[in-house]
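Engineer: Here you go, protein04.txt (compact mmCIF, C-alpha atoms):
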```
# COMPACT_ATOMS: atom_id res chain seq x y z
CA MET O 35 165.67 139.79 35.09
CA LYS O 36 162.67 138.51 33.13
CA THR O 37 163.98 134.94 33.48
CA LEU O 38 164.31 135.40 37.24
CA SER O 39 160.78 136.78 37.41
CA TYR O 40 159.45 133.76 35.54
CA VAL O 41 161.31 131.42 37.90
CA ASN O 42 159.88 133.23 40.94
CA PHE O 43 156.40 133.07 39.43
CA ILE O 44 156.67 129.33 38.77
CA ILE O 45 157.96 128.71 42.30
CA SER O 46 155.08 130.72 43.79
CA ILE O 47 152.55 128.73 41.74
CA LEU O 48 154.11 125.45 42.90
CA PHE O 49 153.95 126.54 46.55
CA MET O 50 150.31 127.62 46.16
CA ALA O 51 149.48 124.25 44.59
CA CYS O 52 151.23 122.38 47.40
CA TYR O 53 149.31 124.29 50.06
CA ALA O 54 145.94 124.40 48.30
CA TYR O 55 144.74 121.37 50.27
CA GLN O 56 144.69 123.54 53.39
CA ALA O 57 141.75 125.48 51.96
CA VAL O 58 139.84 122.18 51.94
CA TYR O 59 141.01 121.53 55.52
CA LEU O 60 139.77 124.96 56.59
CA ALA O 61 136.36 124.35 55.06
CA ALA O 62 136.12 120.91 56.66
CA ALA O 63 136.97 122.24 60.12
CA LEU O 64 134.36 124.99 59.83
CA LEU O 65 131.53 123.05 58.19
CA LYS O 66 131.76 119.40 59.21
CA LYS O 67 130.85 118.11 62.67
CA GLN O 68 132.82 115.55 64.62
CA LYS O 69 131.12 112.28 65.48
CA VAL O 70 130.02 111.92 69.10
CA PHE O 71 131.00 108.59 70.62
CA LYS O 72 129.74 107.04 73.83
CA ALA O 73 131.89 105.03 76.20
CA LYS O 74 130.52 101.50 76.41
CA LYS O 75 133.37 100.39 78.67
CA LEU O 76 135.68 102.09 81.13
CA HIS O 77 139.19 100.96 80.19
CA ARG O 78 142.30 100.89 82.34
CA TYR O 79 145.11 103.24 81.38
CA GLY O 80 148.77 103.64 82.10
CA VAL O 81 150.09 107.21 81.98
CA LEU O 82 153.70 107.41 80.82
CA ILE O 83 155.90 110.41 81.50
CA ALA O 84 159.49 110.60 80.28
CA ALA O 85 161.29 113.16 82.43
CA ARG O 86 164.85 114.43 82.51
CA ASN O 87 165.62 116.91 85.30
CA GLU O 88 162.01 118.07 85.58
CA GLU O 89 161.77 118.55 89.35
CA ALA O 90 160.16 121.97 88.90
CA VAL O 91 157.10 120.74 86.98
CA ILE O 92 156.66 116.97 87.35
CA ALA O 93 154.42 117.16 90.44
CA GLN O 94 152.01 119.59 88.72
CA LEU O 95 151.46 117.15 85.87
CA ILE O 96 150.92 114.20 88.21
CA ARG O 97 148.38 116.18 90.24
CA SER O 98 146.47 117.09 87.07
CA VAL O 99 146.37 113.42 86.06
CA ARG O 100 145.15 112.37 89.51
CA ALA O 101 142.39 115.00 89.27
CA GLN O 102 140.79 113.33 86.24
CA LYS O 103 137.00 112.92 86.13
CA TYR O 104 137.53 109.19 85.69
CA PRO O 105 137.74 106.30 88.18
CA GLU O 106 141.07 106.72 89.95
CA GLU O 107 141.59 102.97 90.26
CA LEU O 108 141.68 102.70 86.46
CA ILE O 109 144.65 105.06 86.05
CA ASP O 110 148.25 104.31 87.01
CA ILE O 111 151.00 106.88 86.54
CA PHE O 112 154.50 105.83 85.50
CA VAL O 113 157.53 108.10 85.32
CA VAL O 114 160.85 107.21 83.77
CA ALA O 115 163.46 109.46 85.38
CA ASP O 116 165.81 109.51 82.42
CA ASN O 117 169.45 110.31 83.26
CA CYS O 118 168.30 112.72 85.98
CA THR O 119 170.73 114.58 88.22
CA ASP O 120 168.05 116.33 90.29
CA LYS O 121 165.13 115.23 92.48
CA THR O 122 162.70 114.34 89.68
CA ALA O 123 162.39 110.69 90.79
CA GLU O 124 161.91 111.56 94.46
CA ILE O 125 159.30 114.24 93.77
CA ALA O 126 157.40 112.01 91.33
CA ARG O 127 157.21 109.17 93.87
CA HIS O 128 156.02 111.56 96.56
CA ALA O 129 153.31 112.84 94.18
CA GLY O 130 152.01 109.30 93.68
CA ALA O 131 153.73 107.98 90.55
CA ILE O 132 155.47 104.65 90.01
CA VAL O 133 159.02 105.59 89.09
CA TYR O 134 161.68 103.77 87.10
CA GLU O 135 165.13 105.32 86.93
CA ARG O 136 167.18 105.00 83.77
CA ASN O 137 170.87 105.80 83.50
CA ASP O 138 172.27 105.31 80.02
CA LEU O 139 174.45 108.00 78.45
CA THR O 140 174.98 106.06 75.23
CA LYS O 141 171.33 105.82 74.18
CA ILE O 142 169.95 109.29 74.79
CA GLY O 143 166.49 110.50 73.87
CA LYS O 144 162.78 110.20 74.63
CA GLY O 145 162.39 107.21 72.33
CA TYR O 146 164.85 105.17 74.35
CA ALA O 147 163.20 106.26 77.60
CA LEU O 148 159.76 105.13 76.36
CA ASN O 149 161.17 101.82 75.14
CA PHE O 150 162.73 101.32 78.58
CA ILE O 151 159.54 101.96 80.55
CA PHE O 152 157.30 99.97 78.20
CA LYS O 153 159.53 96.93 78.69
CA HIS O 154 159.39 97.31 82.49
CA ILE O 155 155.60 97.66 82.49
CA GLU O 156 155.26 94.62 80.24
CA LYS O 157 157.37 92.64 82.71
CA ASP O 158 155.99 93.99 86.00
CA TYR O 159 152.35 94.58 84.98
CA PRO O 160 151.59 92.00 82.24
CA ASN O 161 148.31 92.64 80.39
CA ALA O 162 147.24 95.15 83.05
CA PHE O 163 146.39 98.06 80.76
CA ASP O 164 144.14 98.52 77.75
CA ALA O 165 146.01 101.59 76.51
CA PHE O 166 148.63 104.18 77.43
CA PHE O 167 148.81 107.97 77.41
CA ILE O 168 152.12 109.68 76.66
CA PHE O 169 152.84 113.07 78.22
CA ASP O 170 155.79 115.42 78.57
CA ALA O 171 156.72 116.41 82.11
CA ASP O 172 155.81 120.09 81.66
CA ASN O 173 152.23 119.33 80.53
CA LEU O 174 148.97 119.90 82.37
CA VAL O 175 145.96 117.70 81.59
CA ASP O 176 142.34 118.80 81.44
CA GLU O 177 140.17 116.87 83.92
CA GLN O 178 138.02 115.39 81.12
CA TYR O 179 140.97 114.17 79.04
CA THR O 180 140.83 110.49 80.05
CA ALA O 181 137.06 110.24 79.76
CA GLU O 182 137.14 111.75 76.28
CA MET O 183 140.02 109.57 75.09
CA ASN O 184 138.22 106.54 76.48
CA LYS O 185 135.46 107.24 73.95
CA MET O 186 138.01 107.05 71.14
CA LEU O 187 139.29 103.69 72.35
CA ASN O 188 135.71 102.45 72.56
CA ALA O 189 135.17 103.66 69.00
CA GLY O 190 137.95 101.39 67.80
CA TYR O 191 140.90 103.77 67.50
CA ASP O 192 144.20 102.17 68.55
CA VAL O 193 146.01 105.50 68.28
CA ALA O 194 144.53 108.94 68.93
CA THR O 195 145.82 112.43 69.53
CA CYS O 196 144.29 115.39 71.36
CA PHE O 197 143.80 119.16 71.28
CA ARG O 198 147.20 120.57 72.22
CA ASN O 199 146.88 123.98 73.84
CA SER O 200 149.52 126.10 75.57
CA LYS O 201 149.93 127.09 79.20
CA ASN O 202 152.32 130.03 78.72
CA TYR O 203 150.99 132.25 75.95
CA ASP O 204 151.89 135.36 77.94
CA ASP O 205 155.58 134.57 78.51
CA SER O 206 156.69 136.22 75.25
CA TRP O 207 155.71 136.71 71.62
CA ILE O 208 157.68 133.56 70.86
CA SER O 209 155.70 131.37 73.25
CA ALA O 210 152.46 132.98 72.01
CA GLY O 211 153.33 132.27 68.38
CA SER O 212 154.35 128.69 69.15
CA GLY O 213 151.14 128.14 71.12
CA LEU O 214 149.00 129.46 68.28
CA TRP O 215 150.81 127.15 65.85
CA TYR O 216 149.73 124.11 67.88
CA VAL O 217 146.16 125.38 68.14
CA ARG O 218 146.15 125.69 64.35
CA GLU O 219 147.63 122.20 64.02
CA SER O 220 144.93 120.74 66.23
CA ARG O 221 141.97 122.72 64.88
CA TYR O 222 142.73 123.04 61.17
CA LEU O 223 145.03 120.10 60.42
CA ASN O 224 144.33 117.14 62.69
CA GLU O 225 140.63 117.83 63.13
CA SER O 226 140.21 118.34 59.39
CA ARG O 227 142.09 115.16 58.56
CA TYR O 228 139.93 113.28 61.03
CA LEU O 229 136.69 114.71 59.65
CA LEU O 230 137.73 113.84 56.10
CA GLY O 231 138.58 110.26 57.03
CA SER O 232 142.34 110.65 56.75
CA GLY O 233 145.00 109.84 59.32
CA CYS O 234 146.09 112.45 61.85
CA ALA O 235 149.58 113.16 63.22
CA VAL O 236 150.91 112.51 66.70
CA SER O 237 152.66 115.62 67.93
CA GLY O 238 155.06 114.70 70.70
CA THR O 239 152.72 114.58 73.64
CA GLY O 240 149.11 114.01 74.71
CA PHE O 241 148.43 110.95 72.60
CA MET O 242 147.02 107.48 73.25
CA VAL O 243 148.21 104.11 71.96
CA SER O 244 146.47 100.83 72.74
CA SER O 245 148.26 97.88 74.29
CA GLU O 246 147.00 95.72 71.45
CA TYR O 247 148.65 97.94 68.84
CA LEU O 248 151.91 98.08 70.80
CA LYS O 249 152.02 94.29 70.81
CA LYS O 250 151.27 94.26 67.10
CA ILE O 251 154.24 96.52 66.29
CA GLY O 252 156.59 94.87 68.79
CA GLY O 253 156.73 97.67 71.36
CA TRP O 254 158.11 101.19 71.14
CA ASN O 255 161.01 101.13 68.68
CA TYR O 256 161.19 104.74 67.52
CA PHE O 257 164.49 106.41 68.34
CA LEU O 258 164.94 109.34 65.94
CA LEU O 259 165.14 112.89 67.27
CA ILE O 260 161.47 113.28 66.28
CA GLU O 261 160.25 109.90 67.51
CA ASP O 262 156.64 111.14 67.49
CA ILE O 263 156.68 111.88 63.76
CA GLU O 264 158.54 108.64 63.13
CA PHE O 265 155.71 106.81 64.91
CA THR O 266 153.14 108.75 62.85
CA VAL O 267 154.90 107.87 59.60
CA CYS O 268 155.09 104.19 60.53
CA CYS O 269 151.36 104.23 61.33
CA ALA O 270 150.64 105.78 57.93
CA VAL O 271 152.81 103.25 56.10
CA ALA O 272 151.05 100.42 57.96
CA GLY O 273 147.60 101.81 57.11
CA GLU O 274 146.79 102.67 60.73
CA HIS O 275 144.54 105.77 60.93
CA ILE O 276 145.32 107.97 63.91
CA GLY O 277 142.19 109.50 65.42
CA TYR O 278 141.69 112.97 66.87
CA CYS O 279 139.67 113.97 69.93
CA LYS O 280 139.02 117.70 70.15
CA ASN O 281 137.51 117.45 73.64
CA ALA O 282 140.62 115.83 75.12
CA VAL O 283 142.79 118.84 75.97
CA ILE O 284 146.32 119.18 77.28
CA TYR O 285 148.35 122.30 78.02
CA ASP O 286 151.96 122.28 76.87
CA GLU O 287 154.79 124.66 77.74
CA GLN O 288 156.28 126.48 74.75
CA PRO O 289 159.80 127.94 74.45
CA ALA O 290 159.80 131.56 75.55
CA THR O 291 163.16 132.76 74.15
CA MET O 292 164.61 132.86 70.66
CA LYS O 293 167.57 130.75 71.81
CA ALA O 294 165.32 127.97 73.14
CA SER O 295 163.06 128.11 70.08
CA TRP O 296 166.02 128.00 67.70
CA LYS O 297 167.54 125.03 69.52
CA GLN O 298 164.21 123.18 69.42
CA ARG O 299 163.67 123.77 65.73
CA LEU O 300 167.25 122.88 64.86
CA ARG O 301 166.71 119.53 66.57
CA TRP O 302 163.45 119.03 64.68
CA SER O 303 165.12 119.88 61.36
CA LYS O 304 167.85 117.33 61.97
CA GLY O 305 165.16 114.83 62.95
CA TYR O 306 163.28 115.37 59.68
CA LEU O 307 166.45 114.63 57.73
CA GLN O 308 166.85 111.43 59.74
CA LEU O 309 163.21 110.59 59.03
CA ILE O 310 163.56 111.04 55.26
CA GLN O 311 166.62 108.82 55.26
CA ALA O 312 164.99 106.11 57.38
CA HIS O 313 161.41 106.09 56.05
CA GLY O 314 161.28 108.25 52.91
CA GLY O 315 161.31 105.21 50.63
CA ASP O 316 158.41 103.56 52.46
CA LEU O 317 156.37 106.76 52.28
CA PHE O 318 157.03 107.17 48.56
CA LYS O 319 156.00 103.56 47.86
CA GLY O 320 152.77 104.10 49.77
CA ILE O 321 151.58 107.11 47.77
```
With the file now loaded, output its structure as structure tokens.

Structural biologist:
Amino acid sequence: MKTLSYVNFIISILFMACYAYQAVYLAAALLKKQKVFKAKKLHRYGVLIAARNEEAVIAQLIRSVRAQKYPEELIDIFVVADNCTDKTAEIARHAGAIVYERNDLTKIGKGYALNFIFKHIEKDYPNAFDAFFIFDADNLVDEQYTAEMNKMLNAGYDVATCFRNSKNYDDSWISAGSGLWYVRESRYLNESRYLLGSGCAVSGTGFMVSSEYLKKIGGWNYFLLIEDIEFTVCCAVAGEHIGYCKNAVIYDEQPATMKASWKQRLRWSKGYLQLIQAHGGDLFKGI
């Protein structure tokens, strides 16, 4: 029993050591102030939404994008209706989006959908946009989001993420807990990393990537189950610092049942294993 106690003690010390950096992050978030940038130029943006059978929510997102406190002529909304069997494409067009329909049951996933729509935009709208925003279909976007992200692009950031809030805290304790996790991630991880001069992490939705950087990396070629983290890792390996804008806010829908949450996290876990296999060596070399 004494041996087991020693093992448990050593493991607890190791875990404390691994998480000690978060005390520094907490202090940074509370004590340091974020730089205030001014927008010297109003850039043109393409909004990209990958949607699969999202007829119930897609119009709400498009309306929130069209309500931005930013010149409407500088924002174009694109939807890729990815293997849809409902009226997502029809509703999105009616709401004012430019819609591309994709039907491919061999290459399934958000990464493939983004690759598909980026290629179409490059062909149909060459050099038309300075940067792109990536959203999930169930998001809502704060009216100041574009104006705030525009400051980050003006400040020289090719990739930037936002404050990810939740729109359904009151659905269940599960959605509330998931929502609070993302608030913590935004406030005490990404903001702290940004304030300390480190790179932040893209978290699925609500992020910006410049056209220049997309050309540099050869387009969107991230196809793992967690394509957002794969993109983050590739940015880190390449030395690209991802910025964070606390005043650019989106509202995301969290899973409200244990079954949905379990399914989501199982997919993420499998994705992390894929990520270690694909990019673990590059990360280790870059330490």

Engineer: Expressed in Å to a single decimal, how great is the separation between CA of Phe163 (chain O) and CA of Asn137 (chain O)?

Structural biologist: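 Pair CA of Phe163 (chain O) / CA of Asn137 (chain O) returns 25.8 Å.
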
Engineer: Phe241 (chain O): which residues within 8 Å, counting only C-alpha atoms, same-chain residues fewer than 6 positions away excluded, as number ranges by chain?

Structural biologist: O: 167-169, 193-196

Engineer: My list of candidates is O:Thr37, O:Tyr285, O:Thr266, O:Glu274. Which is closest to His313 (chain O) when distances are computed with only C-alpha atoms?

Structural biologist: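 Under the stated criterion, the closest residue is O:Thr266.
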
Engineer: Compare O:Glu246, O:Glu261, O:Glu225, O:Asp286 by their minimum atom-to-atom distance to Gln68 (chain O), counting all atoms listed in the file, and give me the closest one.

Structural biologist: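 Answer, going by the shortest atom-to-atom distance: O:Glu225.
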
Engineer: Give me the residues within 10 Å of Val283 (chain O) as a ChimeraX atom specification, counting all atoms listed in the file and dropping any in the same chain fewer than 6 places off.

Structural biologist: /O:174-180,182-183,195-200,240

Engineer: Quick one, how far is CA of Tyr59 (chain O) from CA of Arg227 (chain O)?

Structural biologist: 7.1 Å

Engineer: Considering all atoms listed in the file, return as a list in words whatever protein or nucleic-acid residues lie within 12 Å of Met292 (chain O), sequence-local ones (same chain, fewer than 4 positions apart) excluded.

Structural biologist: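 Non-adjacent residues within range: Ser206, Trp207, Ile208, Ser209, Gly211, Ser212, Gln288, Trp296, Lys297, Gln298, Arg299 and Leu300 of chain O.
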
Engineer: Measuring between only C-alpha atoms, which one of O:Ala171, O:Ile284, O:Ala294, O:Leu309 shows the shortest distance to Tyr216 (chain O)?

Structural biologist: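 So, comparing all the options, the nearest one is O:Ile284.
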
Engineer: Neighbours of Cys118 (chain O) within 10 Å (all atoms listed in the file; same-chain residues fewer than 2 positions away dropped), as a PyMOL selection string?

Structural biologist: chain O and resi 85-89+114-116+120-123+135-137

Engineer: Let's have the selection written as a PDB file, keeping the file's coordinate frame, with C-alpha atoms.

Structural biologist:
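Final output, part.pdb:
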```pdb
ATOM      1  CA  ALA O  85     161.290 113.160  82.430  1.00  0.00           C
ATOM      2  CA  ARG O  86     164.850 114.430  82.510  1.00  0.00           C
ATOM      3  CA  ASN O  87     165.620 116.910  85.300  1.00  0.00           C
ATOM      4  CA  GLU O  88     162.010 118.070  85.580  1.00  0.00           C
ATOM      5  CA  GLU O  89     161.770 118.550  89.350  1.00  0.00           C
ATOM      6  CA  VAL O 114     160.850 107.210  83.770  1.00  0.00           C
ATOM      7  CA  ALA O 115     163.460 109.460  85.380  1.00  0.00           C
ATOM      8  CA  ASP O 116     165.810 109.510  82.420  1.00  0.00           C
ATOM      9  CA  ASP O 120     168.050 116.330  90.290  1.00  0.00           C
ATOM     10  CA  LYS O 121     165.130 115.230  92.480  1.00  0.00           C
ATOM     11  CA  THR O 122     162.700 114.340  89.680  1.00  0.00           C
ATOM     12  CA  ALA O 123     162.390 110.690  90.790  1.00  0.00           C
ATOM     13  CA  GLU O 135     165.130 105.320  86.930  1.00  0.00           C
ATOM     14  CA  ARG O 136     167.180 105.000  83.770  1.00  0.00           C
ATOM     15  CA  ASN O 137     170.870 105.800  83.500  1.00  0.00           C
TER      16      ASN O 137
END
```

Engineer: For the atom pair CA of Ile111 (chain O) and CA of Ser220 (chain O), what is the interatomic distance in Å to one decimal place?

Structural biologist: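 These atoms are spaced 25.3 Å apart.
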
Engineer: Given the choices O:Lys144, O:Lys185, O:Ala162, O:Ile151, which gets closest to Tyr256 (chain O) if the distance is worked out from all atoms listed in the file?

Structural biologist: O:Lys144

Engineer: Here is a test: counting all atoms listed in the file, which residue of O:Glu287, O:Asp316, O:Asp164, O:Asp205 is nearest to Val243 (chain O)?

Structural biologist: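 Closest to Val243 (chain O), using all atoms listed in the file: O:Asp164.
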
Engineer: Mind rebuilding region 41-52 of chain O with all heavy atoms and writing that out as a PDB file, keeping the file's coordinate frame?

Structural biologist:
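What ended up in result03.pdb:
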```pdb
ATOM      1  N   VAL O  41     160.952 132.471  36.937  1.00  0.00           N
ATOM      2  CA  VAL O  41     161.310 131.420  37.900  1.00  0.00           C
ATOM      3  C   VAL O  41     160.580 131.650  39.220  1.00  0.00           C
ATOM      4  O   VAL O  41     160.006 130.733  39.814  1.00  0.00           O
ATOM      5  CB  VAL O  41     162.833 131.370  38.126  1.00  0.00           C
ATOM      6  CG1 VAL O  41     163.167 130.436  39.295  1.00  0.00           C
ATOM      7  CG2 VAL O  41     163.543 130.896  36.863  1.00  0.00           C
ATOM      8  N   ASN O  42     160.581 132.894  39.690  1.00  0.00           N
ATOM      9  CA  ASN O  42     159.880 133.230  40.940  1.00  0.00           C
ATOM     10  C   ASN O  42     158.390 132.969  40.824  1.00  0.00           C
ATOM     11  O   ASN O  42     157.753 132.484  41.764  1.00  0.00           O
ATOM     12  CB  ASN O  42     160.121 134.694  41.303  1.00  0.00           C
ATOM     13  CG  ASN O  42     161.515 134.940  41.845  1.00  0.00           C
ATOM     14  OD1 ASN O  42     162.145 134.014  42.360  1.00  0.00           O
ATOM     15  ND2 ASN O  42     161.999 136.158  41.732  1.00  0.00           N
ATOM     16  N   PHE O  43     157.832 133.295  39.651  1.00  0.00           N
ATOM     17  CA  PHE O  43     156.400 133.070  39.430  1.00  0.00           C
ATOM     18  C   PHE O  43     156.071 131.584  39.461  1.00  0.00           C
ATOM     19  O   PHE O  43     155.094 131.168  40.091  1.00  0.00           O
ATOM     20  CB  PHE O  43     155.990 133.684  38.086  1.00  0.00           C
ATOM     21  CG  PHE O  43     154.542 133.458  37.746  1.00  0.00           C
ATOM     22  CD1 PHE O  43     153.544 134.162  38.401  1.00  0.00           C
ATOM     23  CD2 PHE O  43     154.186 132.532  36.777  1.00  0.00           C
ATOM     24  CE1 PHE O  43     152.203 133.963  38.084  1.00  0.00           C
ATOM     25  CE2 PHE O  43     152.851 132.308  36.461  1.00  0.00           C
ATOM     26  CZ  PHE O  43     151.862 133.035  37.118  1.00  0.00           C
ATOM     27  N   ILE O  44     156.895 130.783  38.796  1.00  0.00           N
ATOM     28  CA  ILE O  44     156.670 129.330  38.770  1.00  0.00           C
ATOM     29  C   ILE O  44     156.786 128.741  40.168  1.00  0.00           C
ATOM     30  O   ILE O  44     155.966 127.914  40.584  1.00  0.00           O
ATOM     31  CB  ILE O  44     157.685 128.663  37.815  1.00  0.00           C
ATOM     32  CG1 ILE O  44     157.388 129.060  36.367  1.00  0.00           C
ATOM     33  CG2 ILE O  44     157.640 127.140  37.970  1.00  0.00           C
ATOM     34  CD1 ILE O  44     158.453 128.643  35.384  1.00  0.00           C
ATOM     35  N   ILE O  45     157.794 129.196  40.929  1.00  0.00           N
ATOM     36  CA  ILE O  45     157.960 128.710  42.300  1.00  0.00           C
ATOM     37  C   ILE O  45     156.747 129.075  43.160  1.00  0.00           C
ATOM     38  O   ILE O  45     156.254 128.268  43.949  1.00  0.00           O
ATOM     39  CB  ILE O  45     159.252 129.284  42.919  1.00  0.00           C
ATOM     40  CG1 ILE O  45     160.476 128.660  42.232  1.00  0.00           C
ATOM     41  CG2 ILE O  45     159.297 129.004  44.427  1.00  0.00           C
ATOM     42  CD1 ILE O  45     161.787 129.259  42.686  1.00  0.00           C
ATOM     43  N   SER O  46     156.245 130.295  42.989  1.00  0.00           N
ATOM     44  CA  SER O  46     155.080 130.720  43.790  1.00  0.00           C
ATOM     45  C   SER O  46     153.848 129.890  43.441  1.00  0.00           C
ATOM     46  O   SER O  46     153.069 129.534  44.325  1.00  0.00           O
ATOM     47  CB  SER O  46     154.801 132.211  43.563  1.00  0.00           C
ATOM     48  OG  SER O  46     154.391 132.449  42.230  1.00  0.00           O
ATOM     49  N   ILE O  47     153.676 129.565  42.161  1.00  0.00           N
ATOM     50  CA  ILE O  47     152.550 128.730  41.740  1.00  0.00           C
ATOM     51  C   ILE O  47     152.672 127.332  42.341  1.00  0.00           C
ATOM     52  O   ILE O  47     151.685 126.749  42.828  1.00  0.00           O
ATOM     53  CB  ILE O  47     152.461 128.655  40.208  1.00  0.00           C
ATOM     54  CG1 ILE O  47     152.117 130.018  39.622  1.00  0.00           C
ATOM     55  CG2 ILE O  47     151.431 127.607  39.781  1.00  0.00           C
ATOM     56  CD1 ILE O  47     150.771 130.573  40.072  1.00  0.00           C
ATOM     57  N   LEU O  48     153.875 126.788  42.335  1.00  0.00           N
ATOM     58  CA  LEU O  48     154.110 125.450  42.900  1.00  0.00           C
ATOM     59  C   LEU O  48     153.790 125.436  44.394  1.00  0.00           C
ATOM     60  O   LEU O  48     153.161 124.498  44.895  1.00  0.00           O
ATOM     61  CB  LEU O  48     155.550 125.016  42.655  1.00  0.00           C
ATOM     62  CG  LEU O  48     155.908 124.640  41.212  1.00  0.00           C
ATOM     63  CD1 LEU O  48     157.402 124.378  41.085  1.00  0.00           C
ATOM     64  CD2 LEU O  48     155.123 123.412  40.774  1.00  0.00           C
ATOM     65  N   PHE O  49     154.222 126.477  45.110  1.00  0.00           N
ATOM     66  CA  PHE O  49     153.950 126.540  46.550  1.00  0.00           C
ATOM     67  C   PHE O  49     152.449 126.673  46.809  1.00  0.00           C
ATOM     68  O   PHE O  49     151.904 126.052  47.724  1.00  0.00           O
ATOM     69  CB  PHE O  49     154.701 127.719  47.183  1.00  0.00           C
ATOM     70  CG  PHE O  49     156.044 127.355  47.704  1.00  0.00           C
ATOM     71  CD1 PHE O  49     157.167 127.435  46.888  1.00  0.00           C
ATOM     72  CD2 PHE O  49     156.203 126.897  49.003  1.00  0.00           C
ATOM     73  CE1 PHE O  49     158.416 127.085  47.359  1.00  0.00           C
ATOM     74  CE2 PHE O  49     157.448 126.542  49.481  1.00  0.00           C
ATOM     75  CZ  PHE O  49     158.574 126.635  48.660  1.00  0.00           C
ATOM     76  N   MET O  50     151.768 127.476  46.004  1.00  0.00           N
ATOM     77  CA  MET O  50     150.310 127.620  46.160  1.00  0.00           C
ATOM     78  C   MET O  50     149.607 126.294  45.906  1.00  0.00           C
ATOM     79  O   MET O  50     148.669 125.923  46.624  1.00  0.00           O
ATOM     80  CB  MET O  50     149.790 128.685  45.196  1.00  0.00           C
ATOM     81  CG  MET O  50     150.153 130.103  45.577  1.00  0.00           C
ATOM     82  SD  MET O  50     149.582 131.325  44.367  1.00  0.00           S
ATOM     83  CE  MET O  50     147.809 131.121  44.538  1.00  0.00           C
ATOM     84  N   ALA O  51     150.081 125.554  44.891  1.00  0.00           N
ATOM     85  CA  ALA O  51     149.480 124.250  44.590  1.00  0.00           C
ATOM     86  C   ALA O  51     149.699 123.266  45.727  1.00  0.00           C
ATOM     87  O   ALA O  51     148.797 122.505  46.091  1.00  0.00           O
ATOM     88  CB  ALA O  51     150.072 123.705  43.287  1.00  0.00           C
ATOM     89  N   CYS O  52     150.913 123.309  46.307  1.00  0.00           N
ATOM     90  CA  CYS O  52     151.230 122.380  47.400  1.00  0.00           C
ATOM     91  C   CYS O  52     150.400 122.661  48.647  1.00  0.00           C
ATOM     92  O   CYS O  52     150.090 121.737  49.410  1.00  0.00           O
ATOM     93  CB  CYS O  52     152.721 122.469  47.738  1.00  0.00           C
ATOM     94  SG  CYS O  52     153.808 121.733  46.498  1.00  0.00           S
TER      95      CYS O  52
END
```
